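What follows is the content of entry_10.txt (compact mmCIF, C-alpha atoms).
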# COMPACT_ATOMS: atom_id res chain seq x y z
CA MET X 158 68.64 116.28 125.41
CA ARG X 159 66.25 118.52 123.47
CA ARG X 160 69.19 119.87 121.47
CA ASP X 161 70.55 116.38 120.88
CA ALA X 162 67.17 115.14 119.68
CA ARG X 163 66.78 118.03 117.25
CA ASP X 164 70.32 117.60 115.92
CA ALA X 165 69.73 113.88 115.37
CA PHE X 166 66.50 114.58 113.47
CA TYR X 167 68.18 117.17 111.24
CA THR X 168 71.06 114.76 110.59
CA ALA X 169 68.58 112.08 109.54
CA VAL X 170 66.81 114.44 107.16
CA ALA X 171 70.13 115.42 105.61
CA ALA X 172 71.02 111.76 105.08
CA VAL X 173 67.97 111.22 102.86
CA GLN X 174 68.42 114.33 100.72
CA PRO X 175 68.66 113.44 97.02
CA HIS X 176 72.09 115.06 96.64
CA ASN X 177 73.42 112.71 99.33
CA LEU X 178 71.77 109.58 97.92
CA ILE X 179 72.05 109.83 94.12
CA PRO X 180 75.91 109.73 94.01
CA HIS X 181 75.82 106.24 95.52
CA TRP X 182 73.55 104.96 92.77
CA ILE X 183 74.42 106.56 89.44
CA GLN X 184 77.66 107.22 87.60
CA ARG X 185 78.42 108.73 84.21
CA VAL X 186 80.84 106.45 82.32
CA GLY X 187 81.85 107.53 78.85
CA ASP X 188 78.68 108.22 76.89
CA GLY X 189 76.59 105.96 79.15
CA VAL X 190 75.19 105.91 82.67
CA LEU X 191 75.48 103.18 85.28
CA VAL X 192 72.56 102.71 87.69
CA ALA X 193 73.47 100.43 90.62
CA ASN X 194 76.46 99.36 88.47
CA ASP X 195 74.16 98.27 85.62
CA PRO X 196 74.28 100.27 82.39
CA LEU X 197 71.19 102.12 81.29
CA PRO X 198 69.94 100.81 77.95
CA ARG X 199 71.45 102.56 74.95
CA ALA X 200 68.92 104.97 73.52
CA THR X 201 69.22 105.99 69.88
CA GLY X 202 66.10 108.13 70.34
CA ARG X 203 64.86 110.21 73.22
CA ARG X 204 66.29 110.09 76.75
CA VAL X 205 63.52 111.36 79.01
CA VAL X 206 63.66 111.92 82.77
CA MET X 207 60.54 112.47 84.89
CA ALA X 208 60.92 113.49 88.56
CA ILE X 209 57.77 113.07 90.64
CA GLY X 210 56.89 113.93 94.26
CA LYS X 211 57.97 116.08 97.19
CA ALA X 212 61.64 115.40 96.46
CA ALA X 213 61.28 115.84 92.70
CA PRO X 214 63.28 119.09 92.36
CA GLY X 215 66.20 117.69 94.38
CA LEU X 216 66.12 114.35 92.58
CA ALA X 217 66.18 116.11 89.21
CA ALA X 218 69.08 118.37 90.23
CA ALA X 219 71.12 115.44 91.57
CA TRP X 220 70.45 113.38 88.43
CA LEU X 221 71.63 116.16 86.14
CA GLU X 222 74.73 116.71 88.26
CA HIS X 223 75.81 113.07 88.30
CA ALA X 224 74.64 112.06 84.82
CA PRO X 225 75.60 115.20 82.90
CA GLY X 226 74.68 115.40 79.25
CA TRP X 227 72.57 112.23 79.18
CA THR X 228 69.08 113.75 79.44
CA THR X 229 67.36 115.18 76.38
CA GLU X 230 64.01 116.02 78.07
CA LEU X 231 63.31 116.69 81.75
CA PHE X 232 59.89 116.90 83.41
CA VAL X 233 59.43 117.77 87.09
CA ILE X 234 56.12 117.57 88.94
CA ALA X 235 56.21 118.93 92.50
CA PRO X 236 53.72 120.30 95.05
CA HIS X 237 52.66 123.92 94.84
CA GLY X 238 55.17 126.06 96.71
CA ALA X 239 57.96 123.48 96.68
CA THR X 240 61.27 125.22 96.03
CA VAL X 241 62.79 124.45 92.65
CA PRO X 242 66.47 125.28 91.95
CA PRO X 243 66.81 127.95 89.23
CA GLU X 244 68.97 125.65 87.13
CA ILE X 245 66.15 123.07 87.07
CA GLU X 246 63.55 125.66 86.10
CA LYS X 247 65.70 126.67 83.13
CA VAL X 248 66.09 123.21 81.64
CA SER X 249 62.88 121.40 82.63
CA THR X 250 59.18 121.41 82.00
CA LEU X 251 58.05 122.31 85.51
CA LEU X 252 54.62 120.99 86.51
CA ARG X 253 52.68 121.47 89.74
CA GLY X 254 49.94 119.73 91.70
CA GLY X 255 48.20 119.68 95.06
CA HIS X 256 49.18 117.72 98.16
CA PRO X 257 47.80 115.97 100.20
CA TYR X 258 44.62 116.53 98.23
CA PRO X 259 44.75 116.30 94.42
CA ASP X 260 43.75 119.35 92.39
CA ALA X 261 43.08 120.47 88.81
CA ALA X 262 46.70 121.51 88.27
CA GLY X 263 47.83 118.01 89.18
CA GLU X 264 45.34 116.51 86.77
CA ILE X 265 46.61 118.69 83.91
CA SER X 266 50.22 117.92 84.83
CA THR X 267 49.56 114.19 84.89
CA ARG X 268 47.87 114.26 81.50
CA GLU X 269 51.00 115.91 80.11
CA LEU X 270 53.28 113.24 81.59
CA LEU X 271 51.06 110.46 80.26
CA GLY X 272 51.06 112.08 76.82
CA VAL X 273 54.85 112.18 76.78
CA ALA X 274 55.06 108.56 77.92
CA HIS X 275 52.58 107.45 75.24
CA SER X 276 54.70 109.15 72.57
CA LEU X 277 57.82 107.10 73.39
CA GLY X 278 58.99 104.24 71.18
CA GLU X 279 61.30 101.24 71.35
CA ASN X 280 64.41 103.35 70.72
CA ASP X 281 63.69 105.66 73.67
CA VAL X 282 64.50 105.34 77.38
CA LEU X 283 62.48 106.79 80.25
CA VAL X 284 64.05 107.35 83.69
CA VAL X 285 61.53 108.04 86.47
CA LEU X 286 62.65 109.50 89.81
CA ILE X 287 59.89 108.86 92.35
CA SER X 288 59.38 110.18 95.87
CA GLY X 289 56.55 110.44 98.35
CA GLY X 290 53.56 112.60 97.53
CA GLY X 291 53.29 111.24 94.00
CA SER X 292 49.85 109.72 94.55
CA ALA X 293 48.28 113.14 95.16
CA LEU X 294 50.28 114.87 92.42
CA LEU X 295 49.40 112.27 89.77
CA ALA X 296 45.78 113.37 90.04
CA ALA X 297 44.32 112.46 86.65
CA PRO X 298 41.41 110.02 87.14
CA LYS X 299 40.71 107.10 84.85
CA ASP X 300 38.01 107.48 82.22
CA GLY X 301 34.56 107.55 83.80
CA LEU X 302 35.69 109.38 86.95
CA ARG X 303 36.10 113.04 87.87
CA LEU X 304 38.70 114.82 89.97
CA ASP X 305 36.04 115.56 92.61
CA ASP X 306 35.48 111.81 92.96
CA ILE X 307 39.19 111.32 93.65
CA ARG X 308 39.33 114.18 96.13
CA ALA X 309 36.29 113.01 98.10
CA THR X 310 37.53 109.41 98.25
CA THR X 311 41.02 110.49 99.31
CA ASP X 312 39.59 112.70 102.06
CA LEU X 313 37.43 109.90 103.45
CA LEU X 314 40.30 107.42 103.46
CA LEU X 315 42.69 109.83 105.17
CA LYS X 316 40.20 110.74 107.90
CA SER X 317 39.29 107.10 108.48
CA GLY X 318 42.78 106.33 109.77
CA ALA X 319 43.50 103.91 106.90
CA PRO X 320 47.21 103.11 106.47
CA ILE X 321 48.95 104.05 103.23
CA ASN X 322 48.79 100.56 101.73
CA GLU X 323 44.99 100.56 102.04
CA ILE X 324 44.67 104.09 100.67
CA ASN X 325 46.81 103.23 97.67
CA THR X 326 45.00 99.93 97.08
CA VAL X 327 42.01 102.13 96.27
CA ARG X 328 43.87 104.92 94.48
CA ARG X 329 45.70 102.52 92.14
CA GLN X 330 42.33 101.57 90.71
CA LEU X 331 41.15 105.15 90.24
CA LEU X 332 44.18 107.07 88.94
CA ALA X 333 45.29 106.92 85.32
CA ALA X 334 49.03 107.00 86.05
CA ALA X 335 48.92 104.71 89.11
CA GLY X 336 49.26 100.95 89.25
CA GLY X 337 51.74 100.97 86.38
CA GLY X 338 49.74 103.39 84.23
CA LEU X 339 52.74 105.58 83.40
CA GLY X 340 54.97 102.58 82.65
CA ARG X 341 52.35 100.90 80.45
CA ASP X 342 51.89 104.07 78.43
CA ALA X 343 55.66 104.30 77.90
CA SER X 344 55.94 100.75 76.54
CA PRO X 345 57.76 99.66 74.36
CA ALA X 346 60.36 102.13 75.67
CA GLN X 347 62.38 100.75 78.57
CA VAL X 348 61.65 102.38 81.92
CA TRP X 349 64.19 102.61 84.76
CA THR X 350 62.95 103.89 88.09
CA LEU X 351 64.81 105.24 91.13
CA VAL X 352 62.68 105.43 94.26
CA LEU X 353 63.05 107.47 97.44
CA SER X 354 60.65 105.43 99.54
CA ASP X 355 58.06 106.95 101.86
CA VAL X 356 56.44 103.55 102.48
CA LEU X 357 57.50 101.23 105.27
CA GLY X 358 58.77 97.99 103.78
CA ASP X 359 59.32 99.71 100.40
CA ALA X 360 56.37 98.08 98.64
CA LEU X 361 56.89 99.51 95.17
CA GLN X 362 53.20 99.43 94.29
CA ASP X 363 52.45 101.77 97.20
CA ILE X 364 55.15 104.40 96.62
CA ALA X 365 53.36 107.15 94.68
CA SER X 366 50.80 104.38 93.97
CA GLY X 367 53.32 102.59 91.75
CA PRO X 368 53.25 104.52 88.45
CA THR X 369 55.88 102.30 86.81
CA VAL X 370 55.20 98.89 88.39
CA PRO X 371 52.27 96.49 87.91
CA SER X 372 49.56 96.55 90.56
CA PRO X 373 49.18 93.29 92.50
CA SER X 374 45.68 94.28 93.62
CA THR X 375 42.38 94.69 91.82
CA ALA X 376 39.20 96.73 91.94
CA ALA X 377 37.74 94.04 94.19
CA ASP X 378 40.55 94.69 96.66
CA GLY X 379 39.74 98.40 96.54
CA LEU X 380 36.10 97.68 97.37
CA ALA X 381 37.21 95.47 100.25
CA VAL X 382 39.17 98.39 101.74
CA LEU X 383 36.15 100.69 101.52
CA ASP X 384 33.99 98.04 103.19
CA ARG X 385 36.55 97.39 105.92
CA ARG X 386 36.61 101.11 106.74
CA GLY X 387 32.82 101.45 106.49
CA LEU X 388 33.17 103.98 103.70
CA ARG X 389 31.13 102.43 100.87
CA PRO X 390 27.97 104.46 101.73
CA SER X 391 29.97 107.72 101.83
CA VAL X 392 32.19 107.36 98.75
CA PRO X 393 30.87 109.02 95.57
CA PRO X 394 28.55 106.63 93.70
CA ALA X 395 30.67 106.97 90.54
CA VAL X 396 33.64 105.45 92.40
CA ILE X 397 31.61 102.49 93.63
CA GLU X 398 30.14 101.91 90.18
CA PHE X 399 33.59 102.12 88.60
CA LEU X 400 35.10 99.62 91.03
CA GLU X 401 32.15 97.23 90.80
CA SER X 402 32.34 97.23 87.01
CA ALA X 403 36.00 96.16 87.17
CA ALA X 404 35.78 93.86 90.19
CA ASP X 405 36.05 90.65 88.14
CA ARG X 406 39.25 91.66 86.34
CA SER X 407 42.49 89.83 87.12
CA PRO X 408 45.64 91.63 88.33
CA ASP X 409 47.96 93.10 85.69
CA THR X 410 50.36 90.41 84.41
CA GLY X 411 53.10 93.02 84.04
CA GLU X 412 54.44 91.70 80.72
CA TRP X 413 55.04 95.28 79.60
CA ALA X 414 57.49 95.73 82.52
CA ALA X 415 59.67 92.66 81.84
CA ALA X 416 62.69 94.66 80.64
CA ASN X 417 62.29 97.51 83.13
CA SER X 418 64.34 98.06 86.29
CA THR X 419 63.56 99.63 89.68
CA HIS X 420 65.87 100.55 92.59
CA VAL X 421 65.09 101.96 96.05
CA ILE X 422 67.82 104.52 96.80
CA GLY X 423 66.74 105.58 100.29
CA ASN X 424 64.07 104.81 102.87
CA ASN X 425 63.01 105.17 106.48
CA ARG X 426 65.75 102.86 107.69
CA THR X 427 68.34 105.16 106.08
CA ALA X 428 67.06 108.00 108.27
CA VAL X 429 66.81 105.84 111.40
CA ASN X 430 70.42 104.72 111.06
CA ALA X 431 71.64 108.29 110.52
CA ALA X 432 69.83 109.52 113.63
CA ALA X 433 71.22 106.62 115.65
CA LEU X 434 74.79 107.37 114.56
CA GLU X 435 74.40 111.03 115.51
CA LEU X 436 73.06 110.20 118.96
CA GLY X 437 75.84 107.65 119.45
CA SER X 438 78.40 110.36 118.72
CA CYS X 439 76.78 112.44 121.49
CA GLY X 440 77.41 109.71 124.06
CA TYR X 441 74.07 107.91 124.13
CA GLU X 442 73.66 104.17 124.20
CA VAL X 443 71.49 103.91 121.11
CA GLU X 444 68.93 101.31 120.20
CA PRO X 445 67.40 101.55 116.70
CA ALA X 446 63.97 99.96 117.15
CA ALA X 447 63.57 96.76 115.16
CA GLU X 448 59.85 97.29 114.55
CA SER X 449 58.29 100.31 112.88
CA LEU X 450 55.78 102.49 114.70
CA VAL X 451 52.41 101.93 113.06
CA GLY X 452 48.82 102.21 114.23
CA GLU X 453 46.88 104.97 115.96
CA ALA X 454 49.28 107.82 116.73
CA SER X 455 48.02 108.54 120.25
CA ASP X 456 48.27 104.85 121.19
CA CYS X 457 51.85 104.73 119.91
CA GLY X 458 52.76 107.84 121.90
CA ARG X 459 51.41 106.35 125.11
CA ASP X 460 53.03 102.97 124.43
CA ILE X 461 56.55 104.29 123.89
CA ALA X 462 56.29 106.46 127.00
CA VAL X 463 55.08 103.52 129.10
CA ALA X 464 57.96 101.44 127.75
CA ALA X 465 60.44 104.18 128.70
CA ARG X 466 59.23 103.99 132.31
CA GLN X 467 60.71 100.51 132.52
CA TRP X 468 64.16 101.51 131.31
CA GLU X 469 67.01 101.09 133.77
CA PHE X 470 70.24 102.18 132.14
CA PRO X 471 73.36 103.50 133.91
CA LEU X 472 74.14 105.84 131.01
CA ALA X 473 72.19 108.16 128.73
CA HIS X 474 70.02 106.01 126.46
CA ALA X 475 68.11 106.61 123.24
CA VAL X 476 65.70 104.61 121.11
CA VAL X 477 65.14 105.64 117.49
CA TYR X 478 61.85 104.59 115.95
CA GLY X 479 60.93 104.83 112.30
CA GLY X 480 57.38 104.52 111.16
CA GLU X 481 54.18 106.11 109.98
CA THR X 482 51.22 106.19 112.32
CA THR X 483 47.66 107.14 111.50
CA VAL X 484 45.03 109.37 113.08
CA THR X 485 41.33 108.63 113.15
CA VAL X 486 39.92 112.15 113.07
CA ARG X 487 37.15 112.62 115.63
CA GLY X 488 37.67 116.26 116.58
CA SER X 489 37.84 119.61 114.83
CA GLY X 490 41.35 120.65 115.80
CA ARG X 491 44.53 121.12 113.78
CA GLY X 492 47.62 118.96 113.85
CA GLY X 493 49.07 115.77 112.41
CA ARG X 494 50.08 112.25 113.31
CA ASN X 495 53.49 113.18 114.74
CA GLN X 496 52.14 115.95 116.94
CA GLU X 497 49.31 113.71 118.08
CA LEU X 498 51.86 111.03 119.04
CA ALA X 499 54.00 113.61 120.86
CA LEU X 500 51.06 115.04 122.81
CA ALA X 501 49.97 111.58 123.97
CA ALA X 502 53.57 110.89 125.03
CA ALA X 503 53.79 114.24 126.85
CA ILE X 504 50.74 113.39 128.95
CA GLU X 505 52.26 110.05 129.88
CA ILE X 506 55.72 111.38 130.88
CA GLU X 507 54.60 114.41 132.90
CA ASP X 508 55.62 112.82 136.21
CA MET X 509 58.95 111.46 134.94
CA GLN X 510 62.43 112.98 134.95
CA ASN X 511 65.12 113.41 132.30
CA ILE X 512 63.18 112.25 129.25
CA VAL X 513 62.63 113.87 125.87
CA VAL X 514 60.45 112.63 123.00
CA LEU X 515 60.66 114.04 119.48
CA ALA X 516 58.27 112.95 116.74
CA ALA X 517 58.48 114.54 113.30
CA GLY X 518 57.99 113.90 109.60
CA THR X 519 61.09 113.85 107.42
CA ASP X 520 59.23 115.90 104.80
CA GLY X 521 58.79 118.75 107.27
CA ILE X 522 54.99 118.58 107.01
CA ASP X 523 52.75 117.01 109.64
CA GLY X 524 49.14 116.70 108.57
CA LEU X 525 47.57 120.01 107.68
CA SER X 526 49.73 122.00 110.10
CA GLU X 527 52.84 123.99 109.24
CA ASN X 528 54.97 121.98 111.66
CA ALA X 529 57.12 118.92 111.07
CA GLY X 530 56.19 117.56 114.49
CA ALA X 531 56.98 118.32 118.12
CA ILE X 532 59.51 117.78 120.90
CA VAL X 533 58.21 117.22 124.44
CA ASP X 534 59.52 116.71 127.96
CA PRO X 535 57.93 116.41 131.43
CA THR X 536 57.29 120.16 131.55
CA THR X 537 55.23 120.31 128.35
CA THR X 538 51.83 119.58 129.89
CA LEU X 539 52.58 121.88 132.85
CA ARG X 540 53.28 124.75 130.48
CA LEU X 541 50.05 124.04 128.61
CA ARG X 542 48.01 124.10 131.82
CA GLN X 543 49.67 127.36 132.85
CA LEU X 544 48.31 128.79 129.60
CA GLY X 545 44.82 127.59 130.50
CA LEU X 546 44.89 124.69 128.04
CA ASP X 547 43.85 121.12 128.82
CA PRO X 548 46.24 118.61 127.16
CA GLN X 549 43.75 115.73 127.33
CA ALA X 550 40.97 117.80 125.79
CA MET X 551 43.26 119.00 123.01
CA LEU X 552 44.30 115.42 122.27
CA ALA X 553 40.66 114.34 122.11
CA ASN X 554 39.94 117.21 119.71
CA ASN X 555 42.90 116.31 117.43
CA ASP X 556 44.27 119.78 118.24
CA SER X 557 47.93 118.94 118.88
CA GLY X 558 49.19 121.60 116.46
CA THR X 559 47.53 124.37 118.45
CA ALA X 560 48.88 122.89 121.69
CA PHE X 561 52.49 122.81 120.58
CA GLU X 562 52.49 126.25 119.02
CA ALA X 563 51.18 127.60 122.33
CA ALA X 564 53.74 125.65 124.39
CA GLY X 565 56.65 126.46 122.07
CA ASP X 566 57.37 122.78 121.49
CA ALA X 567 56.59 122.60 117.77
CA VAL X 568 59.35 121.46 115.43
CA HIS X 569 59.24 123.69 112.37
CA THR X 570 61.49 123.06 109.38
CA GLY X 571 59.35 123.96 106.39
CA PRO X 572 59.32 121.51 103.45
CA THR X 573 62.61 119.60 103.54
CA GLY X 574 62.75 118.42 99.93
CA THR X 575 62.70 114.76 100.92
CA ASN X 576 60.26 112.25 102.41
CA VAL X 577 60.89 108.86 104.03
CA CYS X 578 58.06 108.66 106.60
CA ASP X 579 58.58 109.72 110.22
CA LEU X 580 61.06 109.50 113.08
CA THR X 581 60.37 109.28 116.79
CA LEU X 582 63.31 109.69 119.20
CA VAL X 583 63.13 108.88 122.90
CA LEU X 584 66.09 110.13 124.97
CA THR X 585 66.65 109.51 128.66
CA ALA X 586 69.41 110.13 131.17
CA PRO X 587 69.88 108.78 134.70
CA THR X 588 68.54 110.99 137.49
CA ARG X 589 71.06 112.56 139.87
CA ASN X 590 70.23 110.03 142.57
CA GLU X 591 70.85 107.21 140.13
CA LEU X 592 74.18 108.76 139.16
CA LYS X 593 75.22 108.99 142.84
CA GLY X 594 74.20 105.39 143.42
Show this structure as structure tokens.
Amino acid sequence: MRRDARDAFYTAVAAVQPHNLIPHWIQRVGDGVLVANDPLPRATGRRVVMAIGKAAPGLAAAWLEHAPGWTTELFVIAPHGATVPPEIEKVSTLLRGGHPYPDAAGEISTRELLGVAHSLGENDVLVVLISGGGSALLAAPKDGLRLDDIRATTDLLLKSGAPINEINTVRRQLLAAAGGGLGRDASPAQVWTLVLSDVLGDALQDIASGPTVPSPSTAADGLAVLDRRGLRPSVPPAVIEFLESAADRSPDTGEWAAANSTHVIGNNRTAVNAAALELGSCGYEVEPAAESLVGEASDCGRDIAVAARQWEFPLAHAVVYGGETTVTVRGSGRGGRNQELALAAAIEIEDMQNIVVLAAGTDGIDGLSENAGAIVDPTTTLRLRQLGLDPQAMLANNDSGTAFEAAGDAVHTGPTGTNVCDLTLVLTAPTRNELKG
């Protein structure tokens, strides 16, 4: 079951790779390009492509392969260390930035993208290929704010356990390229956007903080998030002053985006379905969960394990969850939301039989650890205790990464070049007594 769970996870990650998604969405026809069967606007001027996020190098490579000869300028902004194909390095302006925390390189890179967008005219077309991680990479703050203000606010929001929609409600107000900033600067050029979604529900304004779509929220909404999380006293004063000064402004009407087009080419459900198909081919009765896993990671881990206790199936059974949990950091350990979920599940299943739980991020990065997640079974906590480690204490200290590296249960892929949130797989098989009965 451990092998089957790993294979299903790897299959899901492969399904949301740009080179497997882009061919279904774009096609070169004559001297034009079809996107979702609609022709890109004819451009008598510049034809610019910007790829942004963790999947940016792969998105750029797939675009060039399937729309050969269309692009006149290519810009790629990716996290430090992300692998970039040599052919992309040769033909693109390659930019870098920090993730999950924004840095000075990201600010410089964003200023360059905004400058290019601002230089476009009505005879030009801009194609933007967006993937998760864009909010951190597009680090340039709006006038009146500094990068340190953005970093401190991001850190507080992440540690508070705020979900991505709340985090981006704040960031859209603070970042120059977010909340439609890149798209507004490109107007009157038409902007077409392809999105590899790392946000449950595919809310366009939350994916990379919506650089090419109008923001439906305001500075007042951003302040409300900070108040709800109890962060107003801790956030840099410049951020509070900036938000308060803009709190009475209405949402962007989005008139500049009237002729633009946006398509989601892959998402968490794409990965869930791929994992389910793989497990089905291995003989499991598979149930893709209808609801996404959200909320505190440790609570979700316990809940899915408790639910599995009630299963009574005559054959091997699997449930595939998609989602993105959160962690309220109270300890000083090292880990991430998927490992935290897996450790809570491991504690709950330690007296069960024939059950495996895998929780991992499709981007291959879980929190600040080097692991994608973890795979656990009823022996996991026993092995930890044999090493002199207390699973409950490690969970309380947010130290799941250390636990799984010690137990040998970490899932390590390295950066995968894609990002569509997380997967959690629960696999069970009947016990021998049940099989005899």
* Shortest interatomic distance to Gln510 (chain X) - which of X:Gly524, X:Gly490, X:Pro587, X:Gly367, counting all atoms listed in the file ->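 Once distances to Gln510 (chain X) are computed over all atoms listed in the file, the minimum belongs to X:Pro587.
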* Could you pull the residues within 12 Å of Arg386 (chain X), counting only C-alpha atoms, minus those fewer than 2 positions along the same chain, as a ChimeraX atom specification? -> /X:310,313-320,323-324,327,379-384,388-392,485
Counting all atoms listed in the file, what is within 8 Å of region 440-449 of chain X, bar same-chain residues fewer than 2 positions away, as a short mmCIF file (atom, residue, chain, number, x, y, z; two decimals) with C-alpha atoms, in the frame of the given file?
data_model
loop_
_atom_site.label_atom_id
_atom_site.label_comp_id
_atom_site.auth_asym_id
_atom_site.auth_seq_id
_atom_site.Cartn_x
_atom_site.Cartn_y
_atom_site.Cartn_z
CA LEU X 357 57.50 101.23 105.27
CA VAL X 429 66.81 105.84 111.40
CA ASN X 430 70.42 104.72 111.06
CA ALA X 433 71.22 106.62 115.65
CA LEU X 436 73.06 110.20 118.96
CA GLY X 437 75.84 107.65 119.45
CA SER X 438 78.40 110.36 118.72
CA VAL X 451 52.41 101.93 113.06
CA LEU X 472 74.14 105.84 131.01
CA ALA X 473 72.19 108.16 128.73
CA HIS X 474 70.02 106.01 126.46
CA ALA X 475 68.11 106.61 123.24
CA VAL X 476 65.70 104.61 121.11
CA VAL X 477 65.14 105.64 117.49
CA TYR X 478 61.85 104.59 115.95
CA GLY X 479 60.93 104.83 112.30
CA GLY X 480 57.38 104.52 111.16
CA GLU X 481 54.18 106.11 109.98
#
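Taking CA of Glu527 (chain X) and CA of Ala165 (chain X) as the two end points, the separation is 20.6 Å.
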* Radius query 8 Å about (53.9, 115.8, 113.2), atoms used: all atoms listed in the file, as a VMD selection string -> chain X and resid 492 to 499 516 to 518 522 to 524 528 to 531
* Between X:Ser354, X:Asn325, X:Val285, X:Arg204, which has the minimum distance to Thr369 (chain X) (counting all atoms listed in the file)? ->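 Among the listed residues, X:Val285 lies closest to Thr369 (chain X).
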* **Spatial neighbours of Gly254 (chain X), 8 Å, all atoms listed in the file, chain gap at least 3 places, as JSON, numbers by chain** => {"X": [234, 235, 236, 237, 259, 260, 261, 262, 263, 264, 266, 293, 294, 295, 296]}
* Two-atom distance - CA of Gln330 (chain X), CA of Asp305 (chain X) (Å) ->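 Atom-to-atom, CA of Gln330 (chain X) to CA of Asp305 (chain X), that is 15.5 Å.
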* Asked: Suppose you want the space between CA of Leu541 (chain X) and CA of Ala502 (chain X); what is it in Å?
  ->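 Taking CA of Leu541 (chain X) and CA of Ala502 (chain X), their separation equals 14.1 Å.
Around the coordinate (77.5, 104.7, 92.4), residues that reach within 8 Å when counting all atoms listed in the file are Ile179, Pro180, His181, Trp182, Ile183, Gln184, Leu191, Val192, Ala193 and Asn194 of chain X.
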Generate a file of the selected residues that holds C-alpha atoms, formatted as an mmCIF file, in the frame of the given file.
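Contents of the output file again_19.cif:
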data_model
loop_
_atom_site.group_PDB
_atom_site.id
_atom_site.type_symbol
_atom_site.label_atom_id
_atom_site.label_comp_id
_atom_site.auth_asym_id
_atom_site.auth_seq_id
_atom_site.Cartn_x
_atom_site.Cartn_y
_atom_site.Cartn_z
ATOM 1 C CA ILE X 179 72.050 109.830 94.120
ATOM 2 C CA PRO X 180 75.910 109.730 94.010
ATOM 3 C CA HIS X 181 75.820 106.240 95.520
ATOM 4 C CA TRP X 182 73.550 104.960 92.770
ATOM 5 C CA ILE X 183 74.420 106.560 89.440
ATOM 6 C CA GLN X 184 77.660 107.220 87.600
ATOM 7 C CA LEU X 191 75.480 103.180 85.280
ATOM 8 C CA VAL X 192 72.560 102.710 87.690
ATOM 9 C CA ALA X 193 73.470 100.430 90.620
ATOM 10 C CA ASN X 194 76.460 99.360 88.470
#
* Residue nearest Ile321 (chain X) among X:Leu252, X:Ile397, X:Val356, X:Ala550 (counting all atoms listed in the file) ->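 Among the listed residues, the smallest separation from Ile321 (chain X) belongs to X:Val356.
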* To do: Tell me which protein, DNA and RNA residues are within 8 Å of Arg487 (chain X), counting only C-alpha atoms, leaving out same-chain ones fewer than 6 positions away, and put them as JSON, numbers by chain.
  => {"X": [553, 554, 555]}
Please return region 285-296 of chain X, rebuilt to N, CA and C atoms, as a PDB file, in the frame of the given file.
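Written out: selection_15.pdb:
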ATOM      1  N   VAL X 285      62.505 107.428  85.574  1.00  0.00           N
ATOM      2  CA  VAL X 285      61.530 108.040  86.470  1.00  0.00           C
ATOM      3  C   VAL X 285      62.108 108.088  87.873  1.00  0.00           C
ATOM      4  N   LEU X 286      62.134 109.271  88.460  1.00  0.00           N
ATOM      5  CA  LEU X 286      62.650 109.500  89.810  1.00  0.00           C
ATOM      6  C   LEU X 286      61.462 109.773  90.719  1.00  0.00           C
ATOM      7  N   ILE X 287      61.136 108.814  91.584  1.00  0.00           N
ATOM      8  CA  ILE X 287      59.890 108.860  92.350  1.00  0.00           C
ATOM      9  C   ILE X 287      60.180 109.127  93.818  1.00  0.00           C
ATOM     10  N   SER X 288      59.324 109.956  94.425  1.00  0.00           N
ATOM     11  CA  SER X 288      59.380 110.180  95.870  1.00  0.00           C
ATOM     12  C   SER X 288      57.969 110.310  96.402  1.00  0.00           C
ATOM     13  N   GLY X 289      57.857 110.367  97.721  1.00  0.00           N
ATOM     14  CA  GLY X 289      56.550 110.440  98.350  1.00  0.00           C
ATOM     15  C   GLY X 289      55.759 111.654  97.918  1.00  0.00           C
ATOM     16  N   GLY X 290      54.453 111.532  97.973  1.00  0.00           N
ATOM     17  CA  GLY X 290      53.560 112.600  97.530  1.00  0.00           C
ATOM     18  C   GLY X 290      53.086 112.421  96.114  1.00  0.00           C
ATOM     19  N   GLY X 291      53.635 111.436  95.399  1.00  0.00           N
ATOM     20  CA  GLY X 291      53.290 111.240  94.000  1.00  0.00           C
ATOM     21  C   GLY X 291      51.843 110.852  93.781  1.00  0.00           C
ATOM     22  N   SER X 292      51.237 110.149  94.739  1.00  0.00           N
ATOM     23  CA  SER X 292      49.850 109.720  94.550  1.00  0.00           C
ATOM     24  C   SER X 292      48.917 110.914  94.411  1.00  0.00           C
ATOM     25  N   ALA X 293      49.124 111.942  95.240  1.00  0.00           N
ATOM     26  CA  ALA X 293      48.280 113.140  95.160  1.00  0.00           C
ATOM     27  C   ALA X 293      48.599 113.965  93.926  1.00  0.00           C
ATOM     28  N   LEU X 294      49.880 114.055  93.568  1.00  0.00           N
ATOM     29  CA  LEU X 294      50.280 114.870  92.420  1.00  0.00           C
ATOM     30  C   LEU X 294      49.797 114.275  91.104  1.00  0.00           C
ATOM     31  N   LEU X 295      49.821 112.950  91.000  1.00  0.00           N
ATOM     32  CA  LEU X 295      49.400 112.270  89.770  1.00  0.00           C
ATOM     33  C   LEU X 295      47.883 112.136  89.795  1.00  0.00           C
ATOM     34  N   ALA X 296      47.197 113.270  89.663  1.00  0.00           N
ATOM     35  CA  ALA X 296      45.780 113.370  90.040  1.00  0.00           C
ATOM     36  C   ALA X 296      44.798 112.983  88.941  1.00  0.00           C
TER      37      ALA X 296
END
